[in-house]
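What follows is the content of model.tsv, which has TSV, C-alpha atoms:
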```tsv
chain	number	residue	atom	x	y	z
A	332	MET	CA	-20.15	-119.93	17.07
A	333	ALA	CA	-21.43	-117.89	14.07
A	334	VAL	CA	-22.16	-119.70	10.82
A	335	SER	CA	-19.29	-117.78	9.18
A	336	ASP	CA	-16.89	-119.26	11.73
A	337	ASP	CA	-18.41	-122.70	11.21
A	338	ALA	CA	-17.83	-122.33	7.47
A	339	LYS	CA	-14.19	-121.39	8.00
A	340	MET	CA	-13.72	-124.41	10.25
A	341	THR	CA	-15.37	-126.67	7.66
A	342	VAL	CA	-13.06	-125.53	4.87
A	343	LYS	CA	-10.01	-125.70	7.10
A	344	GLU	CA	-10.82	-129.34	7.85
A	345	VAL	CA	-11.46	-130.05	4.17
A	346	GLN	CA	-8.11	-128.48	3.27
A	347	THR	CA	-6.33	-130.59	5.89
A	348	VAL	CA	-7.75	-133.77	4.37
A	349	GLN	CA	-6.98	-132.64	0.81
A	350	GLN	CA	-3.31	-132.02	1.69
A	351	ARG	CA	-2.67	-135.42	3.28
A	352	LYS	CA	-0.16	-137.49	1.34
A	353	ASP	CA	-1.48	-140.91	2.38
A	354	ALA	CA	-4.56	-142.84	1.25
A	355	SER	CA	-6.80	-140.81	3.56
A	356	GLY	CA	-6.05	-137.60	1.65
A	357	GLY	CA	-6.78	-136.20	-1.80
A	358	ALA	CA	-9.72	-134.46	-3.44
A	359	ASP	CA	-12.19	-137.34	-3.17
A	360	ASN	CA	-11.68	-137.74	0.59
A	361	ALA	CA	-11.74	-133.95	1.03
A	362	TYR	CA	-15.10	-133.78	-0.74
A	363	ALA	CA	-16.42	-136.59	1.47
A	364	ARG	CA	-15.34	-134.58	4.52
A	365	LEU	CA	-17.07	-131.51	3.08
A	366	GLN	CA	-20.32	-133.45	2.71
A	367	GLN	CA	-19.96	-134.81	6.23
A	368	ASP	CA	-19.42	-131.38	7.80
A	369	VAL	CA	-22.23	-129.78	5.80
A	370	GLN	CA	-24.64	-132.49	6.88
A	371	ALA	CA	-23.58	-132.05	10.50
A	372	GLU	CA	-24.14	-128.29	10.28
A	373	GLN	CA	-27.57	-128.78	8.72
A	374	THR	CA	-28.50	-131.16	11.54
A	375	LYS	CA	-27.22	-128.71	14.14
A	376	LEU	CA	-29.03	-125.69	12.71
A	377	GLY	CA	-32.16	-127.46	11.54
A	378	THR	CA	-34.16	-126.14	8.58
A	379	THR	CA	-37.66	-126.15	10.02
A	380	THR	CA	-38.04	-122.42	10.67
A	381	PRO	CA	-37.39	-119.38	8.45
A	382	GLU	CA	-34.56	-118.34	10.77
A	383	SER	CA	-32.84	-121.73	10.70
A	384	LYS	CA	-33.23	-121.97	6.93
A	385	LYS	CA	-31.59	-118.57	6.54
A	386	GLN	CA	-28.74	-119.57	8.86
A	387	TYR	CA	-28.11	-122.68	6.78
A	388	GLN	CA	-28.21	-120.65	3.54
A	389	ASP	CA	-25.69	-118.22	4.99
A	390	TYR	CA	-23.49	-121.12	6.09
A	391	ILE	CA	-23.47	-122.62	2.57
A	392	SER	CA	-22.72	-119.19	1.09
A	393	ASN	CA	-19.81	-118.77	3.49
A	394	VAL	CA	-18.51	-122.25	2.65
A	395	GLN	CA	-18.42	-121.32	-1.05
A	396	THR	CA	-16.55	-118.11	-0.22
A	397	GLU	CA	-13.99	-119.92	1.94
A	398	LEU	CA	-13.50	-122.64	-0.70
A	399	GLN	CA	-12.73	-119.94	-3.23
A	400	LYS	CA	-10.30	-118.15	-0.91
A	401	SER	CA	-8.48	-121.40	-0.17
A	402	GLY	CA	-8.23	-122.37	-3.84
A	403	LEU	CA	-10.27	-125.53	-3.25
A	404	LEU	CA	-13.40	-124.46	-5.16
A	405	PRO	CA	-12.38	-125.89	-8.58
A	406	GLU	CA	-11.50	-129.30	-7.12
A	407	MET	CA	-14.61	-129.49	-4.97
A	408	THR	CA	-16.86	-128.41	-7.85
A	409	LEU	CA	-15.32	-131.11	-10.02
A	410	GLU	CA	-15.82	-133.69	-7.27
A	411	TRP	CA	-19.44	-132.59	-6.91
A	412	ALA	CA	-19.97	-132.88	-10.69
A	413	ASN	CA	-18.48	-136.37	-10.75
A	414	SER	CA	-20.66	-137.51	-7.89
A	415	HIS	CA	-23.76	-136.28	-9.78
A	416	LYS	CA	-22.73	-137.25	-13.32
A	417	GLU	CA	-25.69	-139.56	-13.85
A	418	ALA	CA	-28.15	-136.77	-13.11
A	419	LEU	CA	-26.10	-134.22	-15.07
A	420	ASN	CA	-26.10	-136.33	-18.25
A	421	VAL	CA	-29.56	-136.84	-19.69
A	422	SER	CA	-28.42	-137.85	-23.18
A	423	SER	CA	-28.79	-141.37	-24.52
A	424	ASN	CA	-25.01	-141.60	-24.89
A	425	LYS	CA	-23.65	-141.77	-21.34
A	426	SER	CA	-20.10	-141.29	-22.62
A	427	ASP	CA	-20.97	-137.65	-23.34
A	428	GLY	CA	-20.15	-136.77	-19.73
A	429	ILE	CA	-21.74	-133.66	-18.24
A	430	THR	CA	-24.03	-131.97	-20.73
A	431	LYS	CA	-25.50	-128.50	-20.89
A	432	GLU	CA	-28.97	-129.99	-21.15
A	433	GLY	CA	-28.30	-132.17	-18.14
A	434	LEU	CA	-27.16	-129.19	-16.10
A	435	ALA	CA	-30.29	-127.24	-17.04
A	436	LYS	CA	-32.53	-130.15	-16.07
A	437	TYR	CA	-30.56	-131.09	-12.96
A	438	PRO	CA	-32.97	-129.57	-10.38
A	439	GLU	CA	-35.88	-131.45	-11.99
A	440	VAL	CA	-33.97	-134.73	-12.32
A	441	SER	CA	-32.61	-134.44	-8.78
A	442	LYS	CA	-36.15	-134.02	-7.44
A	443	GLN	CA	-37.21	-137.16	-9.29
A	444	PHE	CA	-34.30	-139.08	-7.73
A	445	SER	CA	-34.76	-137.82	-4.16
A	446	GLY	CA	-38.37	-136.68	-4.06
A	447	GLN	CA	-37.18	-133.35	-2.64
A	448	GLU	CA	-36.43	-129.87	-3.93
A	449	LEU	CA	-32.79	-129.10	-4.69
A	450	GLY	CA	-30.91	-128.44	-1.44
A	451	GLU	CA	-28.70	-125.42	-0.78
A	452	PHE	CA	-25.47	-127.46	-0.98
A	453	ASP	CA	-26.25	-128.93	-4.41
A	454	ARG	CA	-27.71	-125.64	-5.62
A	455	SER	CA	-24.49	-123.78	-4.78
A	456	PHE	CA	-22.34	-126.16	-6.83
A	457	ALA	CA	-24.84	-126.42	-9.71
A	458	SER	CA	-24.88	-122.63	-10.06
A	459	GLN	CA	-21.07	-122.48	-9.85
A	460	LEU	CA	-20.79	-125.09	-12.60
A	461	GLY	CA	-23.50	-123.56	-14.76
A	462	ARG	CA	-22.22	-120.01	-14.63
A	463	ASP	CA	-19.93	-120.29	-17.60
A	464	PHE	CA	-20.91	-123.55	-19.28
A	465	ASP	CA	-21.42	-121.96	-22.73
A	466	SER	CA	-17.73	-121.16	-23.01
A	467	LEU	CA	-16.61	-124.69	-22.18
A	468	ASP	CA	-17.74	-126.65	-25.21
A	469	LYS	CA	-19.89	-125.53	-28.12
A	470	SER	CA	-21.23	-129.07	-28.51
A	471	GLY	CA	-22.95	-128.79	-25.14
A	472	LYS	CA	-20.90	-131.43	-23.36
A	473	ILE	CA	-17.77	-131.35	-21.30
A	474	ASP	CA	-15.11	-133.77	-20.11
A	475	ASN	CA	-13.36	-133.72	-16.77
A	476	LYS	CA	-10.03	-132.42	-18.08
A	477	THR	CA	-11.57	-129.38	-19.77
A	478	LEU	CA	-13.90	-128.76	-16.83
A	479	ALA	CA	-11.03	-128.86	-14.33
A	480	LYS	CA	-9.07	-126.38	-16.45
A	481	GLU	CA	-12.03	-124.03	-16.78
A	482	LEU	CA	-12.82	-124.10	-13.07
A	483	THR	CA	-9.21	-123.21	-12.30
A	484	VAL	CA	-9.38	-120.30	-14.74
A	485	GLN	CA	-12.58	-119.10	-13.06
A	486	GLN	CA	-10.79	-119.21	-9.72
A	487	GLU	CA	-7.98	-117.04	-11.11
A	488	LEU	CA	-10.46	-114.63	-12.65
A	489	HIS	CA	-11.99	-113.90	-9.26
A	490	ASN	CA	-8.91	-114.10	-7.06
A	491	LYS	CA	-6.36	-112.37	-9.29
A	492	VAL	CA	-8.04	-110.58	-12.20
A	493	GLU	CA	-11.10	-109.10	-10.50
A	494	PRO	CA	-9.00	-107.05	-8.02
A	495	LEU	CA	-6.95	-105.72	-10.96
A	496	LEU	CA	-10.04	-104.69	-12.93
A	497	SER	CA	-11.40	-102.86	-9.89
A	498	MET	CA	-8.39	-100.51	-10.21
A	499	ILE	CA	-9.21	-99.56	-13.81
A	500	PRO	CA	-12.02	-96.97	-13.73
A	501	PRO	CA	-13.13	-95.38	-17.02
A	502	ALA	CA	-10.55	-92.57	-16.80
A	503	VAL	CA	-7.68	-95.08	-16.52
A	504	PHE	CA	-9.18	-97.24	-19.29
A	505	ASN	CA	-9.14	-94.21	-21.60
A	506	ILE	CA	-5.49	-93.49	-20.81
A	507	MET	CA	-4.50	-97.11	-21.46
A	508	ASP	CA	-6.61	-97.22	-24.62
A	509	THR	CA	-4.49	-94.45	-26.13
A	510	ALA	CA	-1.12	-95.51	-24.71
A	511	SER	CA	0.20	-96.84	-28.05
A	512	LYS	CA	-0.56	-96.53	-31.78
A	513	GLY	CA	-0.12	-92.78	-31.77
A	514	GLY	CA	-2.70	-92.22	-29.07
A	515	ASN	CA	-5.68	-93.19	-31.22
A	516	PRO	CA	-8.58	-94.58	-29.15
A	517	ASP	CA	-10.19	-97.83	-30.32
A	518	GLN	CA	-11.98	-98.88	-27.09
A	519	GLU	CA	-9.57	-101.82	-26.79
A	520	ILE	CA	-6.50	-102.43	-24.65
A	521	SER	CA	-3.76	-104.29	-26.50
A	522	ARG	CA	-0.56	-105.79	-25.15
A	523	ASP	CA	1.30	-102.83	-26.68
A	524	ASP	CA	-1.04	-100.46	-24.81
A	525	VAL	CA	-0.17	-102.19	-21.52
A	526	LYS	CA	3.58	-102.04	-22.28
A	527	ALA	CA	3.40	-98.38	-23.24
A	528	PHE	CA	1.35	-97.51	-20.16
A	529	LEU	CA	3.87	-99.19	-17.86
A	530	LYS	CA	6.83	-97.45	-19.53
A	531	ASN	CA	5.32	-93.96	-19.35
A	532	ARG	CA	6.56	-92.49	-16.07
A	533	ASN	CA	4.11	-89.60	-16.33
A	534	ASN	CA	1.26	-92.02	-15.70
A	535	GLU	CA	2.18	-92.18	-12.00
A	536	ILE	CA	1.51	-88.45	-11.74
A	537	THR	CA	-1.74	-88.88	-13.67
A	538	LEU	CA	-2.89	-91.72	-11.42
A	539	LYS	CA	-2.18	-89.72	-8.29
A	540	GLY	CA	-4.17	-86.88	-9.82
A	541	LEU	CA	-7.05	-89.33	-10.08
A	542	GLY	CA	-6.82	-90.08	-6.36
A	543	PHE	CA	-4.52	-93.14	-6.38
A	544	ASN	CA	-2.12	-93.41	-3.44
A	545	ASP	CA	1.40	-94.90	-3.67
A	546	GLN	CA	0.25	-98.43	-2.76
A	547	GLN	CA	-2.60	-98.34	-5.28
A	548	VAL	CA	-0.24	-97.20	-8.03
A	549	ALA	CA	2.16	-100.01	-7.12
A	550	ASP	CA	-0.67	-102.57	-7.05
A	551	LEU	CA	-1.99	-101.46	-10.44
A	552	ASN	CA	1.48	-101.58	-12.00
A	553	ALA	CA	2.13	-105.03	-10.50
A	554	GLY	CA	-1.17	-106.34	-11.84
A	555	LEU	CA	-0.58	-104.91	-15.31
A	556	THR	CA	2.98	-106.25	-15.34
A	557	ASP	CA	1.62	-109.72	-14.60
A	558	MET	CA	-0.97	-109.32	-17.35
A	559	GLU	CA	1.62	-108.25	-19.92
A	560	LYS	CA	4.09	-110.97	-18.91
A	561	ASN	CA	1.42	-113.69	-19.01
A	562	TRP	CA	-0.64	-112.22	-21.86
A	563	ASN	CA	-1.32	-115.60	-23.48
A	564	SER	CA	-1.95	-117.57	-20.28
A	565	ASP	CA	-5.32	-119.30	-19.96
A	566	VAL	CA	-6.83	-116.73	-17.62
A	567	TYR	CA	-5.84	-113.62	-19.61
A	568	THR	CA	-6.73	-115.30	-22.90
A	569	LYS	CA	-10.20	-115.99	-21.50
A	570	LEU	CA	-10.42	-112.39	-20.29
A	571	ARG	CA	-9.81	-111.17	-23.87
A	572	GLY	CA	-11.95	-113.83	-25.57
A	573	GLY	CA	-9.06	-115.42	-27.50
A	574	LYS	CA	-5.29	-115.32	-28.03
A	575	ASP	CA	-5.58	-112.93	-30.98
A	576	LYS	CA	-8.01	-110.59	-29.20
A	577	ASN	CA	-7.56	-107.39	-27.21
A	578	LEU	CA	-9.17	-106.49	-23.88
A	579	THR	CA	-12.59	-104.85	-24.23
A	580	ALA	CA	-15.64	-104.21	-22.07
A	581	ASP	CA	-17.51	-106.99	-23.85
A	582	SER	CA	-14.68	-109.51	-23.48
A	583	VAL	CA	-14.56	-108.90	-19.72
A	584	ALA	CA	-18.35	-109.25	-19.39
A	585	LYS	CA	-18.26	-112.54	-21.30
A	586	ALA	CA	-15.32	-113.88	-19.29
A	587	PHE	CA	-17.18	-113.30	-16.05
A	588	GLY	CA	-20.39	-114.81	-17.43
A	589	LEU	CA	-22.29	-111.52	-17.27
A	590	ILE	CA	-23.44	-111.72	-20.90
A	591	GLY	CA	-23.65	-114.47	-23.50
A	592	SER	CA	-21.09	-114.96	-26.25
A	593	ASP	CA	-23.39	-113.32	-28.83
A	594	GLN	CA	-24.29	-110.26	-26.73
A	595	LYS	CA	-22.77	-106.87	-26.13
A	596	SER	CA	-22.30	-105.41	-22.68
A	597	GLY	CA	-24.59	-102.47	-23.35
A	598	SER	CA	-27.61	-104.77	-23.55
A	599	ASP	CA	-27.72	-106.72	-20.31
A	600	ALA	CA	-24.58	-106.07	-18.31
A	601	THR	CA	-21.47	-104.01	-17.90
A	602	ALA	CA	-17.93	-105.27	-17.62
A	603	SER	CA	-16.80	-104.65	-14.06
A	604	ASN	CA	-15.31	-101.13	-13.93
A	605	ILE	CA	-14.10	-101.22	-17.53
A	606	GLN	CA	-16.48	-99.08	-19.53
A	607	PRO	CA	-15.43	-97.32	-22.76
A	608	PRO	CA	-16.75	-93.75	-23.01
A	609	SER	CA	-20.25	-93.06	-24.32
A	610	ASP	CA	-21.62	-90.04	-26.15
A	611	THR	CA	-24.01	-88.98	-23.37
A	612	THR	CA	-23.60	-85.77	-21.36
A	613	GLN	CA	-21.00	-85.83	-18.59
A	614	SER	CA	-23.46	-85.79	-15.68
A	615	SER	CA	-25.68	-88.45	-17.22
A	616	LYS	CA	-22.63	-90.52	-18.11
A	617	VAL	CA	-21.32	-90.39	-14.55
A	618	HIS	CA	-24.70	-91.31	-13.09
A	619	ASP	CA	-25.06	-94.23	-15.51
A	620	GLN	CA	-21.57	-95.48	-14.63
A	621	VAL	CA	-22.25	-95.37	-10.90
A	622	VAL	CA	-25.62	-97.12	-11.27
A	623	ALA	CA	-24.15	-99.75	-13.60
A	624	LYS	CA	-21.34	-100.47	-11.15
A	625	LEU	CA	-23.80	-100.61	-8.26
A	626	ILE	CA	-26.00	-103.13	-10.06
A	627	GLU	CA	-22.92	-105.14	-11.00
A	628	ASP	CA	-21.82	-105.16	-7.34
A	629	SER	CA	-25.28	-106.43	-6.41
A	630	LYS	CA	-24.72	-109.70	-8.28
A	631	ALA	CA	-24.31	-112.75	-6.08
A	632	GLN	CA	-20.72	-113.97	-6.07
A	633	PRO	CA	-19.63	-117.36	-4.69
A	634	GLY	CA	-20.57	-117.48	-1.02
A	635	ASN	CA	-22.80	-114.41	-1.14
A	636	GLY	CA	-26.11	-113.93	0.63
A	637	TYR	CA	-28.09	-110.73	1.11
A	638	ILE	CA	-25.91	-109.65	4.05
A	639	LYS	CA	-22.64	-109.83	2.11
A	640	ILE	CA	-24.13	-108.06	-0.91
A	641	ALA	CA	-25.52	-105.30	1.31
A	642	ALA	CA	-22.12	-104.84	2.96
A	643	ARG	CA	-20.41	-104.68	-0.45
A	644	LEU	CA	-22.90	-102.11	-1.76
A	645	LEU	CA	-22.18	-99.93	1.27
A	646	GLY	CA	-18.42	-100.35	0.95
A	647	LYS	CA	-18.15	-102.19	4.26
A	648	PRO	CA	-15.01	-104.34	4.73
A	649	SER	CA	-16.96	-107.24	6.24
A	650	ALA	CA	-20.52	-108.54	6.34
A	651	ASN	CA	-21.89	-108.07	9.84
A	652	ASP	CA	-25.62	-108.12	10.51
A	653	ASN	CA	-24.92	-106.33	13.79
A	654	ASP	CA	-24.05	-103.25	11.72
A	655	PRO	CA	-27.33	-101.27	11.64
A	656	GLU	CA	-26.63	-99.82	8.17
A	657	VAL	CA	-25.93	-103.26	6.69
A	658	LYS	CA	-28.92	-104.78	8.47
A	659	LYS	CA	-31.34	-102.11	7.18
A	660	LEU	CA	-30.13	-102.49	3.60
A	661	TYR	CA	-30.06	-106.29	3.46
A	662	GLN	CA	-33.59	-106.42	4.92
A	663	GLU	CA	-34.75	-104.00	2.24
A	664	LEU	CA	-33.02	-106.04	-0.48
A	665	GLN	CA	-34.67	-109.20	0.84
A	666	GLU	CA	-38.05	-107.52	0.68
A	667	LEU	CA	-37.49	-106.21	-2.85
A	668	ASN	CA	-36.54	-109.72	-3.97
A	669	SER	CA	-39.24	-111.55	-1.96
A	670	ASN	CA	-36.37	-113.20	-0.03
A	671	LYS	CA	-35.72	-115.60	-2.92
A	672	PRO	CA	-32.68	-117.92	-2.65
A	673	LEU	CA	-29.74	-116.41	-4.57
A	674	LEU	CA	-27.94	-118.31	-7.29
A	675	LEU	CA	-24.50	-117.33	-8.54
A	676	GLY	CA	-24.78	-114.25	-10.76
A	677	ASP	CA	-28.26	-113.24	-9.55
A	678	SER	CA	-28.59	-109.48	-9.14
A	679	VAL	CA	-30.58	-108.15	-6.19
A	680	LEU	CA	-30.87	-104.73	-7.81
A	681	THR	CA	-32.23	-103.51	-11.13
A	682	PRO	CA	-32.69	-99.87	-12.20
A	683	GLU	CA	-36.38	-100.28	-11.35
A	684	MET	CA	-35.60	-101.70	-7.89
A	685	LEU	CA	-32.98	-99.03	-7.26
A	686	ALA	CA	-35.64	-96.35	-7.83
A	687	LYS	CA	-37.65	-97.92	-4.98
A	688	VAL	CA	-34.76	-98.15	-2.50
A	689	THR	CA	-35.26	-95.88	0.49
A	690	ASN	CA	-32.02	-96.71	2.33
A	691	GLU	CA	-30.32	-93.39	3.13
A	692	SER	CA	-26.85	-94.94	3.54
A	693	LEU	CA	-26.95	-96.34	0.01
A	694	LYS	CA	-28.24	-93.08	-1.42
A	695	ALA	CA	-25.43	-91.20	0.30
A	696	ARG	CA	-22.87	-93.66	-1.10
A	697	ILE	CA	-24.23	-93.19	-4.63
A	698	ALA	CA	-23.98	-89.41	-4.28
A	699	ALA	CA	-20.41	-89.69	-2.95
A	700	GLN	CA	-19.37	-91.99	-5.82
A	701	GLU	CA	-20.84	-89.63	-8.41
A	702	LYS	CA	-18.98	-86.72	-6.83
A	703	ALA	CA	-15.69	-88.65	-6.74
A	704	LEU	CA	-16.05	-89.81	-10.34
A	705	ASN	CA	-16.80	-86.27	-11.51
A	706	GLU	CA	-13.66	-85.08	-9.74
A	707	GLN	CA	-11.60	-87.92	-11.28
A	708	ASN	CA	-12.86	-87.10	-14.77
A	709	SER	CA	-12.12	-83.41	-14.28
A	710	ALA	CA	-8.58	-84.24	-13.11
A	711	ALA	CA	-8.07	-86.56	-16.09
A	712	ASP	CA	-9.32	-83.91	-18.50
A	713	SER	CA	-6.90	-81.40	-16.95
A	714	GLN	CA	-3.98	-83.81	-17.35
A	715	VAL	CA	-4.90	-84.46	-20.99
A	716	ALA	CA	-5.19	-80.73	-21.64
A	717	LYS	CA	-1.76	-80.07	-20.10
A	718	ALA	CA	-0.22	-82.87	-22.19
```
Is it possible to give me this structure as structure tokens?
Amino acid sequence: MAVSDDAKMTVKEVQTVQQRKDASGGADNAYARLQQDVQAEQTKLGTTTPESKKQYQDYISNVQTELQKSGLLPEMTLEWANSHKEALNVSSNKSDGITKEGLAKYPEVSKQFSGQELGEFDRSFASQLGRDFDSLDKSGKIDNKTLAKELTVQQELHNKVEPLLSMIPPAVFNIMDTASKGGNPDQEISRDDVKAFLKNRNNEITLKGLGFNDQQVADLNAGLTDMEKNWNSDVYTKLRGGKDKNLTADSVAKAFGLIGSDQKSGSDATASNIQPPSDTTQSSKVHDQVVAKLIEDSKAQPGNGYIKIAARLLGKPSANDNDPEVKKLYQELQELNSNKPLLLGDSVLTPEMLAKVTNESLKARIAAQEKALNEQNSAADSQVAKA
């Protein structure tokens, strides 16, 4: 059985325990089952050879992915944090709970406790917890209630919001940006912009001119309807950076932990597909957008190893190392990154690395994306001109 199948079986068993109504169920027993299954898998695979170590890494990555899909990741992360609270709190006041300093020092403290380097299982949860710690509490400490809420919001960001943002390329952002307030662009999407966009029946024609099919139009409208209806919910408030804020490229980047609260997306990261227009030439702008999206897609998400990232970069529906194109690219990515273990949010590509990539499949995909984006922009310009 492949490690991906083992991971699915592990999470299925964990979910079964979590859903029990008697004393043998609940989050704490589910987490205990998770630990038990992970230990059994590690024993089965062994970690004495490079191949077995990689198999175990892939298994842990797949477990994180399956936990997220099942909705169990927030609960299991919280259980992990509680079981490591002594190591995660290095302050003199143990009532502080989990602290930012403790999280930063956790690998070092853990090694002191166990005499061993941080294992893949603990590393996966530490990175999940540390991804967005700055937004939790400015004092650098966090209690269980706030942590549980934040982890749930993170789950919604990836399971519900991320698919919606993937349907808002720059051309659509520009249309939404000018949907209300007399059509004046401000590089922000307000609730009124969303309402106006949904009410304008001509937008369906515009979207189809940009290459959207009927299902994609329906999916985008459904997602935007949910956003407008639940504008002040926790997840959409986080996406905007506050209840009184509008949606911007920077707010999205900060919500997904791509940049710090005091940074702008132009410095270190871009905000998913949402990128307000720049003043560069059209060809340079398109190239920069494609490269920025490619580098963003190369960031390790929960449950990602080099294989899954390679498949995503090539637009493959599933990660399969039997696919020769995926295999060639993930091996090249491993080499470029010295096969380092990936933490959540790590990018396996930089502009400098991308210049060294020799993979023909990836180069062809970049060229195809640039061509498609040029065609979309031309179609959007034509629609604007006709209007």
>> Can you tell me which residues surround A:Val334 at a distance of at most 8 Å, considering all atoms listed in the file, apart from same-chain residues fewer than 3 positions away, and format the answer as a VMD selection string?
In response: chain A and resid 337 to 338 386 to 387 389 to 390 393
>> Please return as a PyMOL selection string every residue within 12 Å of (-11.2, -87.6, -5.1), taking into account all atoms listed in the file and the file's own coordinates.
In response: chain A and resi 538-544+699-711
> Residues at most 8 Å from A:Leu644, counting only C-alpha atoms, excluding those fewer than 5 positions away in the same chain, as a PyMOL selection string?
Replying inline: chain A and resi 625+628-629+693
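The shell of residues at most 12 Å from A:Lys526, with only C-alpha atoms counted and near chain neighbours (fewer than 2 positions) removed, consists of A:Met507, A:Asp508, A:Thr509, A:Ala510, A:Ser511, A:Lys512, A:Ile520, A:Ser521, A:Arg522, A:Asp523, A:Asp524, A:Phe528, A:Leu529, A:Lys530, A:Asn531, A:Arg532, A:Asn552, A:Leu555, A:Thr556, A:Asp557, A:Met558, A:Glu559, A:Lys560, A:Trp562.
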> Interatomic distance between atom CA of A:Val688 and atom CA of A:Glu666?
Replying inline: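 Separation of atom CA of A:Val688 and atom CA of A:Glu666: 10.4 Å.
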>> Ranking A:Lys400, A:Lys375, A:Lys436, A:Lys416 by minimum distance to A:Gln486 and counting all atoms listed in the file, which one comes first?
In response: A:Lys400
> Between A:Gly646, A:Gly356, A:Gly554, A:Gly377, which one has atoms that come closest to A:Val525, using all atoms listed in the file?
Replying inline: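 The answer is A:Gly554, which sits nearest to A:Val525.
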> In Å, how far is it from atom CA of A:Ser582 to atom CA of A:Ala527?
Replying inline: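 That distance, rounded to one decimal, is 21.2 Å.
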> Hey, can you check how far atom CA of A:Gly450 sits from atom CA of A:Ser401?
Replying inline: 23.5 Å
> Any idea what's packed within 12 Å of A:Leu685, counting only C-alpha atoms, ignoring anything in its chain fewer than 5 positions away? Could you give it as a ChimeraX atom specification?
Replying inline: /A:621-623,625-626,629,644,660,663-664,667-668,678-680,690,693-694,697
Start from the incomplete input, build N, CA and C atoms for stretch 667-683 of chain A, and deliver everything as a PDB file, in the coordinates of the input.
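Wrote part_34.pdb, looks like this:
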```
ATOM      1  N   LEU A 667     -37.356-106.510  -1.426  1.00  0.00           N
ATOM      2  CA  LEU A 667     -37.490-106.210  -2.850  1.00  0.00           C
ATOM      3  C   LEU A 667     -37.428-107.473  -3.701  1.00  0.00           C
ATOM      4  N   ASN A 668     -36.706-108.475  -3.219  1.00  0.00           N
ATOM      5  CA  ASN A 668     -36.540-109.720  -3.970  1.00  0.00           C
ATOM      6  C   ASN A 668     -37.381-110.870  -3.421  1.00  0.00           C
ATOM      7  N   SER A 669     -38.354-110.539  -2.561  1.00  0.00           N
ATOM      8  CA  SER A 669     -39.240-111.550  -1.960  1.00  0.00           C
ATOM      9  C   SER A 669     -38.451-112.646  -1.255  1.00  0.00           C
ATOM     10  N   ASN A 670     -37.244-112.284  -0.771  1.00  0.00           N
ATOM     11  CA  ASN A 670     -36.370-113.200  -0.030  1.00  0.00           C
ATOM     12  C   ASN A 670     -36.094-114.505  -0.794  1.00  0.00           C
ATOM     13  N   LYS A 671     -35.984-114.394  -2.122  1.00  0.00           N
ATOM     14  CA  LYS A 671     -35.720-115.600  -2.920  1.00  0.00           C
ATOM     15  C   LYS A 671     -34.294-116.079  -2.673  1.00  0.00           C
ATOM     16  N   PRO A 672     -34.050-117.402  -2.758  1.00  0.00           N
ATOM     17  CA  PRO A 672     -32.680-117.920  -2.650  1.00  0.00           C
ATOM     18  C   PRO A 672     -31.836-117.369  -3.806  1.00  0.00           C
ATOM     19  N   LEU A 673     -30.592-117.014  -3.541  1.00  0.00           N
ATOM     20  CA  LEU A 673     -29.740-116.410  -4.570  1.00  0.00           C
ATOM     21  C   LEU A 673     -28.860-117.469  -5.208  1.00  0.00           C
ATOM     22  N   LEU A 674     -28.869-117.495  -6.536  1.00  0.00           N
ATOM     23  CA  LEU A 674     -27.940-118.310  -7.290  1.00  0.00           C
ATOM     24  C   LEU A 674     -26.784-117.435  -7.752  1.00  0.00           C
ATOM     25  N   LEU A 675     -25.680-118.064  -8.103  1.00  0.00           N
ATOM     26  CA  LEU A 675     -24.500-117.330  -8.540  1.00  0.00           C
ATOM     27  C   LEU A 675     -24.856-116.451  -9.739  1.00  0.00           C
ATOM     28  N   GLY A 676     -24.516-115.171  -9.660  1.00  0.00           N
ATOM     29  CA  GLY A 676     -24.780-114.250 -10.760  1.00  0.00           C
ATOM     30  C   GLY A 676     -26.105-113.529 -10.657  1.00  0.00           C
ATOM     31  N   ASP A 677     -26.987-113.955  -9.740  1.00  0.00           N
ATOM     32  CA  ASP A 677     -28.260-113.240  -9.550  1.00  0.00           C
ATOM     33  C   ASP A 677     -27.995-111.837  -9.042  1.00  0.00           C
ATOM     34  N   SER A 678     -28.712-110.861  -9.606  1.00  0.00           N
ATOM     35  CA  SER A 678     -28.590-109.480  -9.140  1.00  0.00           C
ATOM     36  C   SER A 678     -29.773-109.151  -8.241  1.00  0.00           C
ATOM     37  N   VAL A 679     -29.495-108.517  -7.112  1.00  0.00           N
ATOM     38  CA  VAL A 679     -30.580-108.150  -6.190  1.00  0.00           C
ATOM     39  C   VAL A 679     -31.051-106.719  -6.435  1.00  0.00           C
ATOM     40  N   LEU A 680     -30.447-106.072  -7.436  1.00  0.00           N
ATOM     41  CA  LEU A 680     -30.870-104.730  -7.810  1.00  0.00           C
ATOM     42  C   LEU A 680     -31.028-104.616  -9.323  1.00  0.00           C
ATOM     43  N   THR A 681     -32.051-103.918  -9.744  1.00  0.00           N
ATOM     44  CA  THR A 681     -32.230-103.510 -11.130  1.00  0.00           C
ATOM     45  C   THR A 681     -32.468-101.995 -11.097  1.00  0.00           C
ATOM     46  N   PRO A 682     -32.395-101.312 -12.232  1.00  0.00           N
ATOM     47  CA  PRO A 682     -32.690 -99.870 -12.200  1.00  0.00           C
ATOM     48  C   PRO A 682     -34.069 -99.584 -11.598  1.00  0.00           C
ATOM     49  N   GLU A 683     -35.039-100.477 -11.890  1.00  0.00           N
ATOM     50  CA  GLU A 683     -36.380-100.280 -11.350  1.00  0.00           C
ATOM     51  C   GLU A 683     -36.381-100.449  -9.826  1.00  0.00           C
TER      52      GLU A 683
END
```
